file protein09.txt (compact mmCIF, N, CA and C atoms and all ligand atoms)
# COMPACT_ATOMS: atom_id res chain seq x y z
N MET A 723 50.18 -35.69 -3.15
CA MET A 723 49.96 -36.67 -4.22
C MET A 723 48.57 -36.44 -4.84
N ILE A 724 48.53 -36.46 -6.15
CA ILE A 724 47.26 -36.28 -6.87
C ILE A 724 46.79 -37.64 -7.38
N LEU A 725 45.49 -37.85 -7.27
CA LEU A 725 44.90 -39.08 -7.81
C LEU A 725 44.53 -38.80 -9.28
N VAL A 726 44.84 -39.72 -10.19
CA VAL A 726 44.47 -39.50 -11.59
C VAL A 726 43.84 -40.77 -12.18
N SER A 727 42.98 -40.58 -13.16
CA SER A 727 42.43 -41.73 -13.89
C SER A 727 43.56 -42.42 -14.65
N ALA A 728 43.64 -43.73 -14.47
CA ALA A 728 44.74 -44.48 -15.09
C ALA A 728 44.74 -44.37 -16.61
N CYS A 729 43.53 -44.29 -17.22
CA CYS A 729 43.49 -44.20 -18.69
C CYS A 729 44.11 -42.91 -19.18
N LEU A 730 44.04 -41.84 -18.38
CA LEU A 730 44.66 -40.57 -18.76
C LEU A 730 46.18 -40.64 -18.66
N ALA A 731 46.65 -41.54 -17.81
CA ALA A 731 48.10 -41.71 -17.66
C ALA A 731 48.67 -42.67 -18.71
N GLY A 732 47.80 -43.20 -19.56
CA GLY A 732 48.27 -44.05 -20.66
C GLY A 732 48.01 -45.53 -20.49
N PHE A 733 47.39 -45.92 -19.39
CA PHE A 733 47.08 -47.34 -19.20
C PHE A 733 45.87 -47.71 -20.07
N PRO A 734 45.93 -48.84 -20.79
CA PRO A 734 44.83 -49.21 -21.70
C PRO A 734 43.69 -49.90 -20.95
N CYS A 735 43.06 -49.17 -20.04
CA CYS A 735 42.07 -49.78 -19.14
C CYS A 735 40.65 -49.35 -19.45
N ARG A 736 40.43 -48.65 -20.57
CA ARG A 736 39.07 -48.24 -20.92
C ARG A 736 38.25 -49.47 -21.34
N TYR A 737 36.94 -49.29 -21.40
CA TYR A 737 36.07 -50.44 -21.69
C TYR A 737 36.47 -51.15 -22.98
N ASP A 738 36.99 -50.39 -23.94
CA ASP A 738 37.37 -50.98 -25.23
C ASP A 738 38.85 -51.34 -25.31
N GLY A 739 39.52 -51.32 -24.17
CA GLY A 739 40.92 -51.74 -24.14
C GLY A 739 41.90 -50.69 -24.63
N THR A 740 41.45 -49.44 -24.70
CA THR A 740 42.35 -48.36 -25.11
C THR A 740 42.64 -47.45 -23.92
N SER A 741 43.58 -46.52 -24.13
CA SER A 741 43.81 -45.47 -23.14
C SER A 741 43.30 -44.15 -23.70
N LYS A 742 43.39 -43.12 -22.92
CA LYS A 742 43.03 -41.78 -23.38
C LYS A 742 44.14 -40.87 -22.88
N ILE A 743 45.33 -41.11 -23.41
CA ILE A 743 46.52 -40.51 -22.80
C ILE A 743 46.52 -38.99 -22.86
N ASN A 744 46.93 -38.42 -21.73
CA ASN A 744 47.14 -36.99 -21.60
C ASN A 744 48.59 -36.85 -21.15
N GLU A 745 49.42 -36.24 -21.98
CA GLU A 745 50.87 -36.24 -21.72
C GLU A 745 51.22 -35.58 -20.40
N THR A 746 50.49 -34.54 -20.02
CA THR A 746 50.77 -33.85 -18.75
C THR A 746 50.53 -34.79 -17.57
N ILE A 747 49.42 -35.54 -17.65
CA ILE A 747 49.09 -36.46 -16.56
C ILE A 747 50.06 -37.63 -16.53
N LYS A 748 50.43 -38.12 -17.70
CA LYS A 748 51.42 -39.20 -17.76
C LYS A 748 52.73 -38.76 -17.10
N GLN A 749 53.11 -37.52 -17.37
CA GLN A 749 54.35 -37.00 -16.80
C GLN A 749 54.26 -36.88 -15.27
N LEU A 750 53.10 -36.46 -14.78
CA LEU A 750 52.92 -36.36 -13.32
C LEU A 750 53.13 -37.72 -12.66
N VAL A 751 52.62 -38.77 -13.32
CA VAL A 751 52.79 -40.12 -12.78
C VAL A 751 54.26 -40.53 -12.84
N GLN A 752 54.91 -40.26 -13.97
CA GLN A 752 56.32 -40.64 -14.13
C GLN A 752 57.21 -39.92 -13.12
N GLU A 753 56.81 -38.72 -12.74
CA GLU A 753 57.60 -37.95 -11.76
C GLU A 753 57.24 -38.32 -10.32
N GLY A 754 56.31 -39.26 -10.16
CA GLY A 754 55.93 -39.69 -8.81
C GLY A 754 55.03 -38.71 -8.09
N LYS A 755 54.40 -37.78 -8.86
CA LYS A 755 53.54 -36.78 -8.23
C LYS A 755 52.06 -37.18 -8.28
N ALA A 756 51.74 -38.21 -9.04
CA ALA A 756 50.34 -38.64 -9.17
C ALA A 756 50.26 -40.16 -9.14
N ILE A 757 49.14 -40.64 -8.63
CA ILE A 757 48.93 -42.08 -8.56
C ILE A 757 47.75 -42.46 -9.46
N PRO A 758 47.97 -43.38 -10.42
CA PRO A 758 46.91 -43.76 -11.35
C PRO A 758 45.99 -44.82 -10.77
N VAL A 759 44.69 -44.63 -10.95
CA VAL A 759 43.71 -45.62 -10.50
C VAL A 759 42.65 -45.80 -11.57
N CYS A 760 42.16 -47.04 -11.71
CA CYS A 760 41.01 -47.29 -12.58
C CYS A 760 39.93 -47.94 -11.72
N PRO A 761 38.92 -47.18 -11.31
CA PRO A 761 37.90 -47.74 -10.42
C PRO A 761 37.14 -48.93 -11.01
N GLU A 762 36.96 -48.95 -12.32
CA GLU A 762 36.19 -50.06 -12.89
C GLU A 762 36.99 -51.36 -12.80
N GLN A 763 38.29 -51.28 -13.00
CA GLN A 763 39.11 -52.48 -12.81
C GLN A 763 39.19 -52.83 -11.33
N LEU A 764 39.35 -51.83 -10.47
CA LEU A 764 39.42 -52.10 -9.03
C LEU A 764 38.12 -52.70 -8.51
N GLY A 765 37.02 -52.41 -9.19
CA GLY A 765 35.72 -52.96 -8.80
C GLY A 765 35.48 -54.37 -9.31
N GLY A 766 36.44 -54.89 -10.08
CA GLY A 766 36.34 -56.28 -10.51
C GLY A 766 35.89 -56.48 -11.94
N LEU A 767 35.74 -55.40 -12.70
CA LEU A 767 35.32 -55.56 -14.10
C LEU A 767 36.54 -55.87 -14.97
N THR A 768 36.27 -56.58 -16.06
CA THR A 768 37.36 -56.96 -16.96
C THR A 768 37.68 -55.82 -17.93
N THR A 769 38.81 -55.93 -18.58
CA THR A 769 39.15 -55.06 -19.71
C THR A 769 39.55 -55.96 -20.87
N PRO A 770 38.92 -55.88 -22.03
CA PRO A 770 37.79 -54.98 -22.30
C PRO A 770 36.51 -55.43 -21.59
N ARG A 771 35.53 -54.54 -21.60
CA ARG A 771 34.22 -54.80 -20.98
C ARG A 771 33.17 -54.03 -21.77
N LEU A 772 31.92 -54.32 -21.53
CA LEU A 772 30.87 -53.56 -22.20
C LEU A 772 30.83 -52.15 -21.61
N PRO A 773 30.48 -51.15 -22.41
CA PRO A 773 30.33 -49.80 -21.86
C PRO A 773 29.15 -49.74 -20.90
N SER A 774 29.23 -48.86 -19.94
CA SER A 774 28.16 -48.70 -18.95
C SER A 774 27.76 -47.24 -18.84
N GLU A 775 26.52 -47.04 -18.44
CA GLU A 775 26.03 -45.67 -18.18
C GLU A 775 25.13 -45.69 -16.95
N ILE A 776 24.98 -44.50 -16.35
CA ILE A 776 24.16 -44.37 -15.14
C ILE A 776 22.74 -43.98 -15.53
N ARG A 777 21.77 -44.70 -14.92
CA ARG A 777 20.35 -44.38 -15.12
C ARG A 777 19.66 -44.47 -13.78
N ASP A 778 19.02 -43.40 -13.36
CA ASP A 778 18.32 -43.35 -12.06
C ASP A 778 19.23 -43.78 -10.91
N GLY A 779 20.47 -43.35 -10.95
CA GLY A 779 21.39 -43.62 -9.85
C GLY A 779 22.05 -44.99 -9.87
N LYS A 780 21.62 -45.85 -10.80
CA LYS A 780 22.24 -47.17 -10.92
C LYS A 780 23.05 -47.24 -12.20
N VAL A 781 23.97 -48.19 -12.27
CA VAL A 781 24.82 -48.31 -13.45
C VAL A 781 24.46 -49.59 -14.19
N PHE A 782 24.23 -49.46 -15.48
CA PHE A 782 23.89 -50.61 -16.32
C PHE A 782 24.86 -50.68 -17.49
N ASN A 783 25.25 -51.92 -17.86
CA ASN A 783 26.04 -52.04 -19.07
C ASN A 783 25.12 -52.06 -20.29
N SER A 784 25.73 -52.08 -21.47
CA SER A 784 24.93 -51.91 -22.70
C SER A 784 24.04 -53.11 -22.99
N GLU A 785 24.20 -54.20 -22.22
CA GLU A 785 23.27 -55.33 -22.35
C GLU A 785 22.21 -55.32 -21.25
N GLY A 786 22.19 -54.25 -20.44
CA GLY A 786 21.16 -54.10 -19.42
C GLY A 786 21.49 -54.73 -18.08
N ARG A 787 22.72 -55.24 -17.93
CA ARG A 787 23.08 -55.86 -16.65
C ARG A 787 23.41 -54.77 -15.63
N ASP A 788 22.88 -54.93 -14.43
CA ASP A 788 23.15 -53.97 -13.35
C ASP A 788 24.56 -54.21 -12.81
N VAL A 789 25.45 -53.24 -13.04
CA VAL A 789 26.83 -53.36 -12.56
C VAL A 789 27.11 -52.33 -11.46
N THR A 790 26.05 -51.86 -10.82
CA THR A 790 26.22 -50.88 -9.75
C THR A 790 27.16 -51.40 -8.64
N PRO A 791 27.03 -52.67 -8.20
CA PRO A 791 27.93 -53.13 -7.12
C PRO A 791 29.40 -53.01 -7.49
N GLN A 792 29.76 -53.35 -8.73
CA GLN A 792 31.16 -53.25 -9.16
C GLN A 792 31.61 -51.79 -9.18
N PHE A 793 30.75 -50.91 -9.64
CA PHE A 793 31.12 -49.49 -9.68
C PHE A 793 31.28 -48.93 -8.27
N GLU A 794 30.41 -49.36 -7.36
CA GLU A 794 30.50 -48.86 -5.98
C GLU A 794 31.72 -49.44 -5.27
N ARG A 795 32.02 -50.71 -5.56
CA ARG A 795 33.22 -51.33 -4.98
C ARG A 795 34.48 -50.60 -5.47
N GLY A 796 34.50 -50.29 -6.74
CA GLY A 796 35.65 -49.57 -7.31
C GLY A 796 35.79 -48.18 -6.70
N ALA A 797 34.68 -47.50 -6.52
CA ALA A 797 34.72 -46.16 -5.93
C ALA A 797 35.27 -46.22 -4.51
N ALA A 798 34.82 -47.22 -3.75
CA ALA A 798 35.30 -47.38 -2.37
C ALA A 798 36.80 -47.68 -2.34
N ALA A 799 37.25 -48.49 -3.29
CA ALA A 799 38.68 -48.82 -3.35
C ALA A 799 39.51 -47.58 -3.66
N VAL A 800 39.01 -46.75 -4.57
CA VAL A 800 39.73 -45.52 -4.92
C VAL A 800 39.77 -44.57 -3.72
N LEU A 801 38.66 -44.47 -3.01
CA LEU A 801 38.64 -43.60 -1.83
C LEU A 801 39.67 -44.08 -0.80
N GLN A 802 39.75 -45.38 -0.63
CA GLN A 802 40.72 -45.95 0.32
C GLN A 802 42.15 -45.58 -0.09
N ILE A 803 42.44 -45.70 -1.38
CA ILE A 803 43.77 -45.34 -1.88
C ILE A 803 44.02 -43.84 -1.66
N ALA A 804 43.03 -43.03 -1.93
CA ALA A 804 43.17 -41.57 -1.74
C ALA A 804 43.50 -41.25 -0.29
N LYS A 805 42.85 -41.95 0.62
CA LYS A 805 43.11 -41.71 2.04
C LYS A 805 44.52 -42.17 2.42
N GLU A 806 44.91 -43.33 1.92
CA GLU A 806 46.24 -43.86 2.27
C GLU A 806 47.35 -42.95 1.77
N TYR A 807 47.15 -42.34 0.62
CA TYR A 807 48.19 -41.47 0.04
C TYR A 807 47.97 -40.00 0.38
N GLY A 808 46.94 -39.70 1.15
CA GLY A 808 46.68 -38.31 1.53
C GLY A 808 46.34 -37.41 0.36
N CYS A 809 45.67 -37.94 -0.64
CA CYS A 809 45.33 -37.15 -1.83
C CYS A 809 44.23 -36.14 -1.50
N LYS A 810 44.44 -34.91 -1.89
CA LYS A 810 43.43 -33.86 -1.68
C LYS A 810 42.78 -33.46 -3.01
N LYS A 811 43.42 -33.85 -4.11
CA LYS A 811 42.92 -33.50 -5.44
C LYS A 811 42.93 -34.71 -6.35
N ALA A 812 42.01 -34.70 -7.31
CA ALA A 812 41.97 -35.77 -8.30
C ALA A 812 41.70 -35.17 -9.67
N ILE A 813 42.39 -35.69 -10.68
CA ILE A 813 42.11 -35.30 -12.07
C ILE A 813 41.58 -36.55 -12.77
N LEU A 814 40.29 -36.52 -13.09
CA LEU A 814 39.63 -37.72 -13.58
C LEU A 814 39.08 -37.52 -14.98
N LYS A 815 38.88 -38.62 -15.66
CA LYS A 815 38.41 -38.62 -17.06
C LYS A 815 36.98 -38.12 -17.16
N ALA A 816 36.80 -37.11 -17.98
CA ALA A 816 35.47 -36.50 -18.16
C ALA A 816 34.44 -37.50 -18.71
N CYS A 817 33.21 -37.33 -18.26
CA CYS A 817 32.01 -38.02 -18.80
C CYS A 817 31.89 -39.51 -18.46
N SER A 818 32.90 -40.10 -17.83
CA SER A 818 32.85 -41.52 -17.49
C SER A 818 31.82 -41.79 -16.38
N PRO A 819 31.14 -42.94 -16.42
CA PRO A 819 30.19 -43.27 -15.35
C PRO A 819 30.89 -43.53 -14.01
N SER A 820 32.21 -43.68 -14.02
CA SER A 820 32.98 -43.75 -12.78
C SER A 820 33.65 -42.41 -12.49
N CYS A 821 34.38 -41.91 -13.46
CA CYS A 821 35.30 -40.79 -13.23
C CYS A 821 34.75 -39.43 -13.61
N GLY A 822 33.65 -39.36 -14.36
CA GLY A 822 33.16 -38.07 -14.86
C GLY A 822 32.71 -37.14 -13.75
N LYS A 823 32.91 -35.83 -14.00
CA LYS A 823 32.43 -34.84 -13.04
C LYS A 823 31.64 -33.76 -13.78
N GLY A 824 30.43 -33.52 -13.34
CA GLY A 824 29.62 -32.45 -13.93
C GLY A 824 28.73 -32.91 -15.06
N HIS A 825 29.27 -33.78 -15.92
CA HIS A 825 28.49 -34.29 -17.06
C HIS A 825 28.74 -35.78 -17.21
N ILE A 826 27.68 -36.52 -17.41
CA ILE A 826 27.79 -37.96 -17.69
C ILE A 826 26.76 -38.31 -18.76
N TYR A 827 26.92 -39.48 -19.37
CA TYR A 827 25.94 -39.90 -20.38
C TYR A 827 24.63 -40.29 -19.69
N ASP A 828 23.53 -40.14 -20.44
CA ASP A 828 22.21 -40.16 -19.80
C ASP A 828 21.62 -41.55 -19.54
N GLY A 829 22.37 -42.61 -19.91
CA GLY A 829 21.87 -43.95 -19.62
C GLY A 829 21.18 -44.61 -20.78
N THR A 830 21.09 -43.90 -21.92
CA THR A 830 20.41 -44.47 -23.08
C THR A 830 21.40 -44.93 -24.17
N PHE A 831 22.69 -44.77 -23.91
CA PHE A 831 23.74 -45.16 -24.87
C PHE A 831 23.54 -44.48 -26.23
N SER A 832 23.07 -43.24 -26.17
CA SER A 832 22.84 -42.48 -27.41
C SER A 832 23.79 -41.30 -27.54
N GLY A 833 24.75 -41.21 -26.60
CA GLY A 833 25.72 -40.12 -26.68
C GLY A 833 25.25 -38.82 -26.07
N LYS A 834 24.07 -38.84 -25.46
CA LYS A 834 23.51 -37.61 -24.87
C LYS A 834 24.02 -37.42 -23.45
N LEU A 835 24.49 -36.22 -23.15
CA LEU A 835 25.03 -35.92 -21.81
C LEU A 835 23.98 -35.25 -20.94
N VAL A 836 24.05 -35.53 -19.65
CA VAL A 836 23.20 -34.85 -18.66
C VAL A 836 24.11 -34.41 -17.51
N ASP A 837 23.59 -33.55 -16.64
CA ASP A 837 24.35 -33.14 -15.47
C ASP A 837 24.49 -34.32 -14.52
N GLY A 838 25.64 -34.46 -13.91
CA GLY A 838 25.82 -35.53 -12.94
C GLY A 838 27.28 -35.91 -12.81
N ASN A 839 27.56 -36.73 -11.82
CA ASN A 839 28.92 -37.21 -11.57
C ASN A 839 28.98 -38.73 -11.67
N GLY A 840 30.14 -39.24 -12.05
CA GLY A 840 30.37 -40.67 -12.00
C GLY A 840 30.43 -41.15 -10.55
N LYS A 841 30.32 -42.45 -10.34
CA LYS A 841 30.25 -43.00 -8.98
C LYS A 841 31.50 -42.69 -8.16
N THR A 842 32.66 -42.81 -8.76
CA THR A 842 33.89 -42.54 -8.01
C THR A 842 34.05 -41.04 -7.76
N ALA A 843 33.81 -40.24 -8.79
CA ALA A 843 33.92 -38.79 -8.61
C ALA A 843 33.00 -38.32 -7.49
N GLU A 844 31.78 -38.84 -7.48
CA GLU A 844 30.81 -38.44 -6.46
C GLU A 844 31.30 -38.80 -5.05
N LEU A 845 31.80 -40.01 -4.90
CA LEU A 845 32.25 -40.44 -3.56
C LEU A 845 33.45 -39.61 -3.10
N LEU A 846 34.36 -39.31 -4.01
CA LEU A 846 35.53 -38.48 -3.63
C LEU A 846 35.07 -37.09 -3.21
N ILE A 847 34.14 -36.50 -3.98
CA ILE A 847 33.64 -35.16 -3.64
C ILE A 847 32.98 -35.18 -2.26
N GLN A 848 32.18 -36.22 -2.01
CA GLN A 848 31.51 -36.33 -0.70
C GLN A 848 32.52 -36.41 0.44
N ASN A 849 33.72 -36.87 0.13
CA ASN A 849 34.74 -37.02 1.17
C ASN A 849 35.77 -35.89 1.13
N GLY A 850 35.39 -34.79 0.50
CA GLY A 850 36.22 -33.57 0.59
C GLY A 850 37.39 -33.50 -0.35
N ILE A 851 37.43 -34.38 -1.33
CA ILE A 851 38.52 -34.34 -2.31
C ILE A 851 38.09 -33.51 -3.51
N GLU A 852 38.96 -32.60 -3.92
CA GLU A 852 38.64 -31.74 -5.06
C GLU A 852 38.81 -32.54 -6.35
N VAL A 853 37.74 -32.64 -7.11
CA VAL A 853 37.79 -33.43 -8.36
C VAL A 853 37.74 -32.48 -9.56
N MET A 854 38.69 -32.68 -10.48
CA MET A 854 38.72 -31.94 -11.74
C MET A 854 38.71 -32.95 -12.88
N THR A 855 38.28 -32.51 -14.04
CA THR A 855 38.44 -33.35 -15.22
C THR A 855 39.68 -32.89 -15.96
N GLU A 856 40.11 -33.72 -16.93
CA GLU A 856 41.32 -33.39 -17.65
C GLU A 856 41.14 -32.12 -18.47
S1 LIG A 901 37.00 -46.11 -14.92
FE1 LIG A 901 38.03 -44.12 -15.00
S2 LIG A 901 40.20 -44.71 -15.07
FE2 LIG A 901 39.07 -46.54 -15.61
S3 LIG A 901 38.97 -46.46 -17.83
FE3 LIG A 901 37.10 -45.50 -17.08
S4 LIG A 901 37.57 -43.32 -17.05
FE4 LIG A 901 39.51 -44.41 -17.17

call {"tool": "encode", "arguments": {"input": "protein09.txt", "output": "structure tokens"}}
result
Amino acid sequence: MILVSACLAGFPCRYDGTSKINETIKQLVQEGKAIPVCPEQLGGLTTPRLPSEIRDGKVFNSEGRDVTPQFERGAAAVLQIAKEYGCKKAILKACSPSCGKGHIYDGTFSGKLVDGNGKTAELLIQNGIEVMTE
């Protein structure tokens, strides 16, 4: 079983209430080969919600509120699901402060990318799960 970002599977769970559908990933879910997760929703954040970015290892929304606990709670919930389903691979949404791998926004809400991983991607990698972006 592959873990996938729910927004890529077509669920409208992004901060602005939209999805980022990828037909291949949607099909994997429909065929029962992938399980969709949204760490930000699992961490207790609403949809829609303010956008967030990582700065100095912490996560802040665009009004400056520290939402690191919600992001960490969501990451832990996703790891638990990955373990329960025996997932060895994950295909996650690029650049997200939760799901991004390799590149994330720099914390200034200016659209600038820096090297780094989202909170969930990082925790999955630390636990031996192969993380790819779409
Ligand atoms: S947290 Fe991940 S799954 Fe949820 S909307 Fe953001 S990128 Fe998609």

call {"tool": "select_by_dssp", "arguments": {"input": "protein09.txt", "residues": "chain A", "states": "alpha helix (DSSP H)", "output": "short mmCIF file (atom, residue, chain, number, x, y, z; two decimals) with N, CA and C atoms, keeping the file's coordinate frame"}}
result
data_model
loop_
_atom_site.label_atom_id
_atom_site.label_comp_id
_atom_site.auth_asym_id
_atom_site.auth_seq_id
_atom_site.Cartn_x
_atom_site.Cartn_y
_atom_site.Cartn_z
N GLU A 745 49.42 -36.24 -21.98
CA GLU A 745 50.87 -36.24 -21.72
C GLU A 745 51.22 -35.58 -20.40
N THR A 746 50.49 -34.54 -20.02
CA THR A 746 50.77 -33.85 -18.75
C THR A 746 50.53 -34.79 -17.57
N ILE A 747 49.42 -35.54 -17.65
CA ILE A 747 49.09 -36.46 -16.56
C ILE A 747 50.06 -37.63 -16.53
N LYS A 748 50.43 -38.12 -17.70
CA LYS A 748 51.42 -39.20 -17.76
C LYS A 748 52.73 -38.76 -17.10
N GLN A 749 53.11 -37.52 -17.37
CA GLN A 749 54.35 -37.00 -16.80
C GLN A 749 54.26 -36.88 -15.27
N LEU A 750 53.10 -36.46 -14.78
CA LEU A 750 52.92 -36.36 -13.32
C LEU A 750 53.13 -37.72 -12.66
N VAL A 751 52.62 -38.77 -13.32
CA VAL A 751 52.79 -40.12 -12.78
C VAL A 751 54.26 -40.53 -12.84
N GLN A 752 54.91 -40.26 -13.97
CA GLN A 752 56.32 -40.64 -14.13
C GLN A 752 57.21 -39.92 -13.12
N PRO A 761 38.92 -47.18 -11.31
CA PRO A 761 37.90 -47.74 -10.42
C PRO A 761 37.14 -48.93 -11.01
N GLU A 762 36.96 -48.95 -12.32
CA GLU A 762 36.19 -50.06 -12.89
C GLU A 762 36.99 -51.36 -12.80
N GLN A 763 38.29 -51.28 -13.00
CA GLN A 763 39.11 -52.48 -12.81
C GLN A 763 39.19 -52.83 -11.33
N LEU A 764 39.35 -51.83 -10.47
CA LEU A 764 39.42 -52.10 -9.03
C LEU A 764 38.12 -52.70 -8.51
N THR A 790 26.05 -51.86 -10.82
CA THR A 790 26.22 -50.88 -9.75
C THR A 790 27.16 -51.40 -8.64
N PRO A 791 27.03 -52.67 -8.20
CA PRO A 791 27.93 -53.13 -7.12
C PRO A 791 29.40 -53.01 -7.49
N GLN A 792 29.76 -53.35 -8.73
CA GLN A 792 31.16 -53.25 -9.16
C GLN A 792 31.61 -51.79 -9.18
N PHE A 793 30.75 -50.91 -9.64
CA PHE A 793 31.12 -49.49 -9.68
C PHE A 793 31.28 -48.93 -8.27
N GLU A 794 30.41 -49.36 -7.36
CA GLU A 794 30.50 -48.86 -5.98
C GLU A 794 31.72 -49.44 -5.27
N ARG A 795 32.02 -50.71 -5.56
CA ARG A 795 33.22 -51.33 -4.98
C ARG A 795 34.48 -50.60 -5.47
N GLY A 796 34.50 -50.29 -6.74
CA GLY A 796 35.65 -49.57 -7.31
C GLY A 796 35.79 -48.18 -6.70
N ALA A 797 34.68 -47.50 -6.52
CA ALA A 797 34.72 -46.16 -5.93
C ALA A 797 35.27 -46.22 -4.51
N ALA A 798 34.82 -47.22 -3.75
CA ALA A 798 35.30 -47.38 -2.37
C ALA A 798 36.80 -47.68 -2.34
N ALA A 799 37.25 -48.49 -3.29
CA ALA A 799 38.68 -48.82 -3.35
C ALA A 799 39.51 -47.58 -3.66
N VAL A 800 39.01 -46.75 -4.57
CA VAL A 800 39.73 -45.52 -4.92
C VAL A 800 39.77 -44.57 -3.72
N LEU A 801 38.66 -44.47 -3.01
CA LEU A 801 38.64 -43.60 -1.83
C LEU A 801 39.67 -44.08 -0.80
N GLN A 802 39.75 -45.38 -0.63
CA GLN A 802 40.72 -45.95 0.32
C GLN A 802 42.15 -45.58 -0.09
N ILE A 803 42.44 -45.70 -1.38
CA ILE A 803 43.77 -45.34 -1.88
C ILE A 803 44.02 -43.84 -1.66
N ALA A 804 43.03 -43.03 -1.93
CA ALA A 804 43.17 -41.57 -1.74
C ALA A 804 43.50 -41.25 -0.29
N LYS A 805 42.85 -41.95 0.62
CA LYS A 805 43.11 -41.71 2.04
C LYS A 805 44.52 -42.17 2.42
N GLU A 806 44.91 -43.33 1.92
CA GLU A 806 46.24 -43.86 2.27
C GLU A 806 47.35 -42.95 1.77
N TYR A 807 47.15 -42.34 0.62
CA TYR A 807 48.19 -41.47 0.04
C TYR A 807 47.97 -40.00 0.38
N LYS A 841 30.32 -42.45 -10.34
CA LYS A 841 30.25 -43.00 -8.98
C LYS A 841 31.50 -42.69 -8.16
N THR A 842 32.66 -42.81 -8.76
CA THR A 842 33.89 -42.54 -8.01
C THR A 842 34.05 -41.04 -7.76
N ALA A 843 33.81 -40.24 -8.79
CA ALA A 843 33.92 -38.79 -8.61
C ALA A 843 33.00 -38.32 -7.49
N GLU A 844 31.78 -38.84 -7.48
CA GLU A 844 30.81 -38.44 -6.46
C GLU A 844 31.30 -38.80 -5.05
N LEU A 845 31.80 -40.01 -4.90
CA LEU A 845 32.25 -40.44 -3.56
C LEU A 845 33.45 -39.61 -3.10
N LEU A 846 34.36 -39.31 -4.01
CA LEU A 846 35.53 -38.48 -3.63
C LEU A 846 35.07 -37.09 -3.21
N ILE A 847 34.14 -36.50 -3.98
CA ILE A 847 33.64 -35.16 -3.64
C ILE A 847 32.98 -35.18 -2.26
N GLN A 848 32.18 -36.22 -2.01
CA GLN A 848 31.51 -36.33 -0.70
C GLN A 848 32.52 -36.41 0.44
#

call {"tool": "closest_residue", "arguments": {"input": "protein09.txt", "among": "A:Met723, A:Cys735, A:Ile803, A:Met854", "to": "ligand LIG 901 (chain A)", "atoms": "only C-alpha atoms and all ligand atoms"}}
result
A:Cys735

call {"tool": "residues_around", "arguments": {"input": "protein09.txt", "residues": "Ala812 (chain A)", "least_positions_apart": "4", "cutoff": "6.5 Å", "atoms": "all atoms listed in the file", "output": "NGL selection string"}}
result
:A and (724-726 or 851-855)

call {"tool": "residues_near_ligand", "arguments": {"input": "protein09.txt", "ligand": "ligand LIG 901 (chain A)", "cutoff": "7 Å", "atoms": "only C-alpha atoms and all ligand atoms", "output": "list of chain:residue names"}}
result
A:Ser727, A:Ala728, A:Cys729, A:Leu730, A:Cys735, A:Arg736, A:Tyr737, A:Val759, A:Cys760, A:Pro761, A:Glu762, A:Gln763, A:Leu814, A:Lys815, A:Ser818, A:Ser820, A:Cys821

call {"tool": "closest_residue", "arguments": {"input": "protein09.txt", "among": "A:Glu856, A:Gly833, A:Arg795, A:Ala804", "to": "Leu764 (chain A)", "atoms": "all atoms listed in the file"}}
result
A:Arg795

call {"tool": "atom_distance", "arguments": {"input": "protein09.txt", "atom1": "CA of Glu745 (chain A)", "atom2": "CA of Ile776 (chain A)"}}
result
28.7 Å

call {"tool": "closest_residue", "arguments": {"input": "protein09.txt", "among": "A:Ile743, A:Leu845, A:Ala756, A:Val789", "to": "Leu801 (chain A)", "atoms": "all atoms listed in the file"}}
result
A:Leu845

call {"tool": "closest_residue", "arguments": {"input": "protein09.txt", "among": "A:Leu767, A:Ser774, A:Leu846, A:Thr790", "to": "Cys817 (chain A)", "atoms": "only C-alpha atoms"}}
result
A:Ser774

call {"tool": "atom_distance", "arguments": {"input": "protein09.txt", "atom1": "atom N of Lys755 (chain A)", "atom2": "atom N of Lys742 (chain A)"}}
result
18.6 Å

call {"tool": "residues_around", "arguments": {"input": "protein09.txt", "residues": "region 824-828 of chain A", "least_positions_apart": "5", "cutoff": "6 Å", "atoms": "only C-alpha atoms", "output": "PyMOL selection string"}}
result
chain A and resi 817+834-839

call {"tool": "residues_around", "arguments": {"input": "protein09.txt", "residues": "Gly765 (chain A)", "least_positions_apart": "5", "cutoff": "7 Å", "atoms": "only C-alpha atoms", "output": "list in words"}}
result
Gln792, Phe793, Arg795 and Gly796 of chain A

call {"tool": "closest_residue", "arguments": {"input": "protein09.txt", "among": "A:Glu753, A:Asp738, A:Gly829, A:Gly840", "to": "Ser784 (chain A)", "atoms": "only C-alpha atoms"}}
result
A:Gly829

call {"tool": "closest_residue", "arguments": {"input": "protein09.txt", "among": "A:Glu844, A:Gly822, A:Gly739, A:Gln752", "to": "Thr769 (chain A)", "atoms": "only C-alpha atoms"}}
result
A:Gly739

call {"tool": "atom_distance", "arguments": {"input": "protein09.txt", "atom1": "atom C of Arg771 (chain A)", "atom2": "atom N of Ala816 (chain A)"}}
result
17.7 Å

call {"tool": "select_by_dssp", "arguments": {"input": "protein09.txt", "residues": "region 736-855 of chain A", "states": "strand (DSSP E)", "output": "ChimeraX atom specification"}}
result
/A:756-759,774-777,780-783,811-814,825-827,835-837,852-855
